[in-house]
Amino acid sequence: MADFCCPVCGSGKLYKDGLRYISNEPVQRWLCRDCGYRFSQPRPPQKSLYCHINTANTIVSNRQVCDLLTEESKNLAEVTRQEQAQREGTPQSSEVRGKIIELLWQLEKDGRKEGTIHNYDKWLSHMLKNGVNLYDPENIKGFLAKSHLKDSTKVLVAAICDVWLTFLKIPWRPPKYSADHEIPFIPTEQELDLLIAACGKKVATFLQILKETGARCGEITKLTWTSIDSQQKVVRITAEKGSLSRILPLSTKAIEMLNNLPRDSEHIFVFADDMRSNFYLQRKRIARKLGDPRILQIHFHTFRHWKGTMEYHKTKDPIYVKEILGHKDLKSTQVYIHISHALFQNTPPEDFHAKVATTPEEITQLLEAGFEYVLQKDSLAYFRKRK
């Protein structure tokens with residue numbers, strides 16, 4: 001347990017999240033289990049060299065002097081290395097970082113979405129950190145060729161690099177990758193519930209809303225407290241990636257989980273990447289505890305695939321599933337029809353009572369009797385209830 005708290009939510013439940021090197025010195029990174037925020041360990045103020053050698057009464061040991069001289073030698077060596085690299089024409093990370101910031105600002109002025117800008121920053125910074133010369137097209141293509149990324153991810157990174165090099169006015173021939181069309185993994189509801197129960201309060205609420213709405217993780221991170229109507233038990237989803245905005249129902253459980261969160265900012269959740277590391281730790285722990293490697297295949301987007309598949313299995317109405325997921329084109333929904341048929345082809349059919357309503361009064365009566373809406377066709381509303 002650390003002797004300090006999360007600067008966002010004040011929680012003391014912290015995990016060590018690797019080291020970050022600042023001026024060649026390791027600094028411990030921490031991850032808050034409750035809110036998913038990552039931050040560096042607070043550093044004590046550094047003492048100046050003159051604090052050790054400034055009066056005749058101060059006694060400095062030979063070891064202290066050697067340490068100070070060694071540190072000065074390291075600094076001089078770093079300066080020399082930078083000067084040599086500059087003479088050789090290799091761009092410094094600070095220079096490249098400045099250009100990345102210029103590109104991000106240009107994207108924002110061009111009206112690009114926040115999630116899109118974040119992806120540009122994420123991948124360009126990742127390549128810079130791994131020693132890729134972002135001014136050299138061949139070096140970039142070599143990084144993509146040797147990396148173990150999926151081809152679908154390489155398509156995204158190559159597109160980002162194309163915009164980056166066009167911004168720098170550097171000609172190149174982008175590599176050609178084709179995205180893999182994989183069938184999404186669909187877990188059981190029990191596996192999803194086990195994951196939700198294993199996570200901290202804020203991440204568990206995030207996952208519960210993903211499960212109930214089927215929204216994208218970026219859409220959930222955009223939620224503000226005014227997006228939630230606790231009385232009507234609904235949430236207003238602001239669409240991203242060309243989808244449609246929508247209003248979706250929430251369960252009493254989800255509303256209670258939201259009400260237990262602190263309201264210390266306008267937005268309910270921090271950015272998805274900040275919670276993803278926490279989620280991966282919990283996922284690994286529960287998979288090891290249960291001896292179930294299937295749990296390791298669950299990602300944030302898996303909840304959306306699960307929702308679409310289950311809703312089609314219950315209603316057999318692709319239009320209804322399309323509206324829930326916010327798809328503009330029915331072709332995007334067809335994948336869940338295929339998955340549902342494959343998963344439940346050997347499941348015996350369920351027995352239902354079926355009813356048809358033609359007036360608002362009949363619809364109200366059926367809903368009060370426990371019937372669930374299935375679909376509407378030719379001005380007729382179809383309902384069913386298990387026998």
# chains A, B, ... in the order shown; residues from 1 in each chain; ligands from 1
call {"tool": "select_by_dssp", "arguments": {"residues": "range 60-271 of chain A", "states": "strand (DSSP E or B)", "output": "list in words"}}
result
Thr224, Ile228, Asp229, Val234, Val235, Arg236, Ile237, Arg246, Ile247, Leu248, Pro249 and His267 of chain A
call {"tool": "residues_around", "arguments": {"residues": "Pro42 in chain A", "least_positions_apart": "3", "cutoff": "9 Å", "atoms": "only C-alpha atoms", "output": "list in words"}}
result
Phe4, Val27, Gln28 and Phe39 of chain A
call {"tool": "write_last_selection", "arguments": {"atoms": "C-alpha atoms", "output": "PDB file, in the first residue's frame"}}
result
ATOM      1  CA  PHE A   4      -0.109   8.562  -0.813  1.00  0.00           C
ATOM      2  CA  VAL A  27      10.022   6.799 -11.628  1.00  0.00           C
ATOM      3  CA  GLN A  28       7.345   4.415 -10.331  1.00  0.00           C
ATOM      4  CA  PHE A  39       0.088   8.711 -12.496  1.00  0.00           C
TER       5      PHE A  39
END
call {"tool": "residues_around", "arguments": {"residues": "Thr153 in chain A", "least_positions_apart": "4", "cutoff": "10 Å", "atoms": "only C-alpha atoms", "output": "list in words"}}
result
Leu144, His148, Leu149, Val157, Ala158, Ala159, Tyr177, Ser178, Ala179 and Asp180 of chain A
call {"tool": "select_by_dssp", "arguments": {"residues": "range 180-378 of chain A", "states": "alpha helix (DSSP H)", "output": "ChimeraX atom specification"}}
result
/A:189-198,201-213,217-221,252-259,272-290,300-315,318-325,334-343,360-368
call {"tool": "residues_around", "arguments": {"residues": "Ile298 in chain A", "least_positions_apart": "2", "cutoff": "12 Å", "atoms": "only C-alpha atoms", "output": "PDB file with C-alpha atoms, in the first residue's frame"}}
result
ATOM      1  CA  PRO A 184     -15.960 -11.823 -32.806  1.00  0.00           C
ATOM      2  CA  PHE A 185     -15.599 -13.877 -29.638  1.00  0.00           C
ATOM      3  CA  ILE A 186     -18.874 -14.101 -27.674  1.00  0.00           C
ATOM      4  CA  PRO A 187     -18.495 -15.011 -23.967  1.00  0.00           C
ATOM      5  CA  THR A 188     -21.248 -16.258 -21.703  1.00  0.00           C
ATOM      6  CA  GLU A 189     -23.175 -13.836 -19.524  1.00  0.00           C
ATOM      7  CA  GLU A 191     -18.183 -14.772 -17.606  1.00  0.00           C
ATOM      8  CA  LEU A 192     -19.067 -11.099 -18.118  1.00  0.00           C
ATOM      9  CA  ASP A 193     -20.697 -10.891 -14.685  1.00  0.00           C
ATOM     10  CA  LEU A 194     -17.649 -12.487 -13.033  1.00  0.00           C
ATOM     11  CA  LEU A 195     -15.395  -9.869 -14.624  1.00  0.00           C
ATOM     12  CA  ILE A 196     -17.659  -7.020 -13.534  1.00  0.00           C
ATOM     13  CA  LEU A 207     -18.460  -2.503 -17.697  1.00  0.00           C
ATOM     14  CA  LYS A 211     -23.076  -4.731 -21.096  1.00  0.00           C
ATOM     15  CA  ARG A 276      -8.156  -0.516 -19.666  1.00  0.00           C
ATOM     16  CA  PHE A 279      -9.379  -4.022 -16.408  1.00  0.00           C
ATOM     17  CA  TYR A 280      -6.593  -6.161 -17.900  1.00  0.00           C
ATOM     18  CA  GLN A 282      -8.478  -7.925 -13.067  1.00  0.00           C
ATOM     19  CA  ARG A 283      -9.153 -10.018 -16.178  1.00  0.00           C
ATOM     20  CA  LYS A 284      -5.837 -11.833 -15.816  1.00  0.00           C
ATOM     21  CA  ILE A 286      -9.947 -13.878 -12.519  1.00  0.00           C
ATOM     22  CA  ALA A 287      -8.887 -16.036 -15.512  1.00  0.00           C
ATOM     23  CA  ASP A 292     -10.680 -20.220 -17.727  1.00  0.00           C
ATOM     24  CA  PRO A 293      -8.480 -18.852 -20.567  1.00  0.00           C
ATOM     25  CA  ARG A 294     -11.623 -17.721 -22.437  1.00  0.00           C
ATOM     26  CA  ILE A 295     -11.860 -14.737 -20.091  1.00  0.00           C
ATOM     27  CA  LEU A 296      -8.560 -13.403 -21.461  1.00  0.00           C
ATOM     28  CA  PHE A 300     -14.278  -3.620 -23.949  1.00  0.00           C
ATOM     29  CA  HIS A 301     -15.679  -4.108 -27.465  1.00  0.00           C
ATOM     30  CA  THR A 302     -16.610  -7.720 -26.627  1.00  0.00           C
ATOM     31  CA  PHE A 303     -19.514  -6.372 -24.548  1.00  0.00           C
ATOM     32  CA  ARG A 304     -20.917  -4.699 -27.703  1.00  0.00           C
ATOM     33  CA  HIS A 305     -20.634  -7.934 -29.696  1.00  0.00           C
ATOM     34  CA  TRP A 306     -22.344  -9.857 -26.888  1.00  0.00           C
TER      35      TRP A 306
END
call {"tool": "residues_around", "arguments": {"residues": "His341 in chain A", "least_positions_apart": "5", "cutoff": "12 Å", "atoms": "only C-alpha atoms", "output": "ChimeraX atom specification"}}
result
/A:309-310,312-314,316,334-336,346-347
call {"tool": "write_last_selection", "arguments": {"atoms": "N, CA and C atoms", "output": "PDB file, in the first residue's frame"}}
result
ATOM      1  N   THR A 309     -25.475  -9.789 -30.332  1.00  0.00           N
ATOM      2  CA  THR A 309     -25.826 -11.189 -30.569  1.00  0.00           C
ATOM      3  C   THR A 309     -27.023 -11.612 -29.730  1.00  0.00           C
ATOM      4  N   MET A 310     -27.028 -11.264 -28.455  1.00  0.00           N
ATOM      5  CA  MET A 310     -28.107 -11.677 -27.569  1.00  0.00           C
ATOM      6  C   MET A 310     -29.438 -10.991 -27.922  1.00  0.00           C
ATOM      7  N   TYR A 312     -30.395 -10.014 -30.900  1.00  0.00           N
ATOM      8  CA  TYR A 312     -30.967 -10.639 -32.091  1.00  0.00           C
ATOM      9  C   TYR A 312     -31.528 -12.017 -31.759  1.00  0.00           C
ATOM     10  N   HIS A 313     -30.838 -12.752 -30.887  1.00  0.00           N
ATOM     11  CA  HIS A 313     -31.332 -14.079 -30.505  1.00  0.00           C
ATOM     12  C   HIS A 313     -32.694 -13.975 -29.820  1.00  0.00           C
ATOM     13  N   LYS A 314     -32.904 -12.922 -29.035  1.00  0.00           N
ATOM     14  CA  LYS A 314     -34.170 -12.776 -28.312  1.00  0.00           C
ATOM     15  C   LYS A 314     -35.294 -12.274 -29.223  1.00  0.00           C
ATOM     16  N   LYS A 316     -35.061 -11.687 -32.894  1.00  0.00           N
ATOM     17  CA  LYS A 316     -35.011 -12.046 -34.321  1.00  0.00           C
ATOM     18  C   LYS A 316     -35.371 -10.850 -35.202  1.00  0.00           C
ATOM     19  N   GLN A 334     -25.575  -7.430 -39.702  1.00  0.00           N
ATOM     20  CA  GLN A 334     -25.728  -8.791 -40.188  1.00  0.00           C
ATOM     21  C   GLN A 334     -24.757  -9.768 -39.548  1.00  0.00           C
ATOM     22  N   VAL A 335     -23.601  -9.286 -39.071  1.00  0.00           N
ATOM     23  CA  VAL A 335     -22.642 -10.187 -38.442  1.00  0.00           C
ATOM     24  C   VAL A 335     -23.243 -10.850 -37.217  1.00  0.00           C
ATOM     25  N   TYR A 336     -24.116 -10.131 -36.492  1.00  0.00           N
ATOM     26  CA  TYR A 336     -24.715 -10.694 -35.284  1.00  0.00           C
ATOM     27  C   TYR A 336     -25.794 -11.728 -35.626  1.00  0.00           C
ATOM     28  N   ASN A 346     -27.975 -25.455 -32.148  1.00  0.00           N
ATOM     29  CA  ASN A 346     -28.277 -26.721 -31.483  1.00  0.00           C
ATOM     30  C   ASN A 346     -29.109 -26.548 -30.220  1.00  0.00           C
ATOM     31  N   THR A 347     -29.557 -25.312 -29.969  1.00  0.00           N
ATOM     32  CA  THR A 347     -30.366 -25.050 -28.786  1.00  0.00           C
ATOM     33  C   THR A 347     -31.829 -25.313 -29.098  1.00  0.00           C
TER      34      THR A 347
END
call {"tool": "atom_distance", "arguments": {"atom1": "CA of Leu380 in chain A", "atom2": "CA of Glu362 in chain A"}}
result
10.9 Å
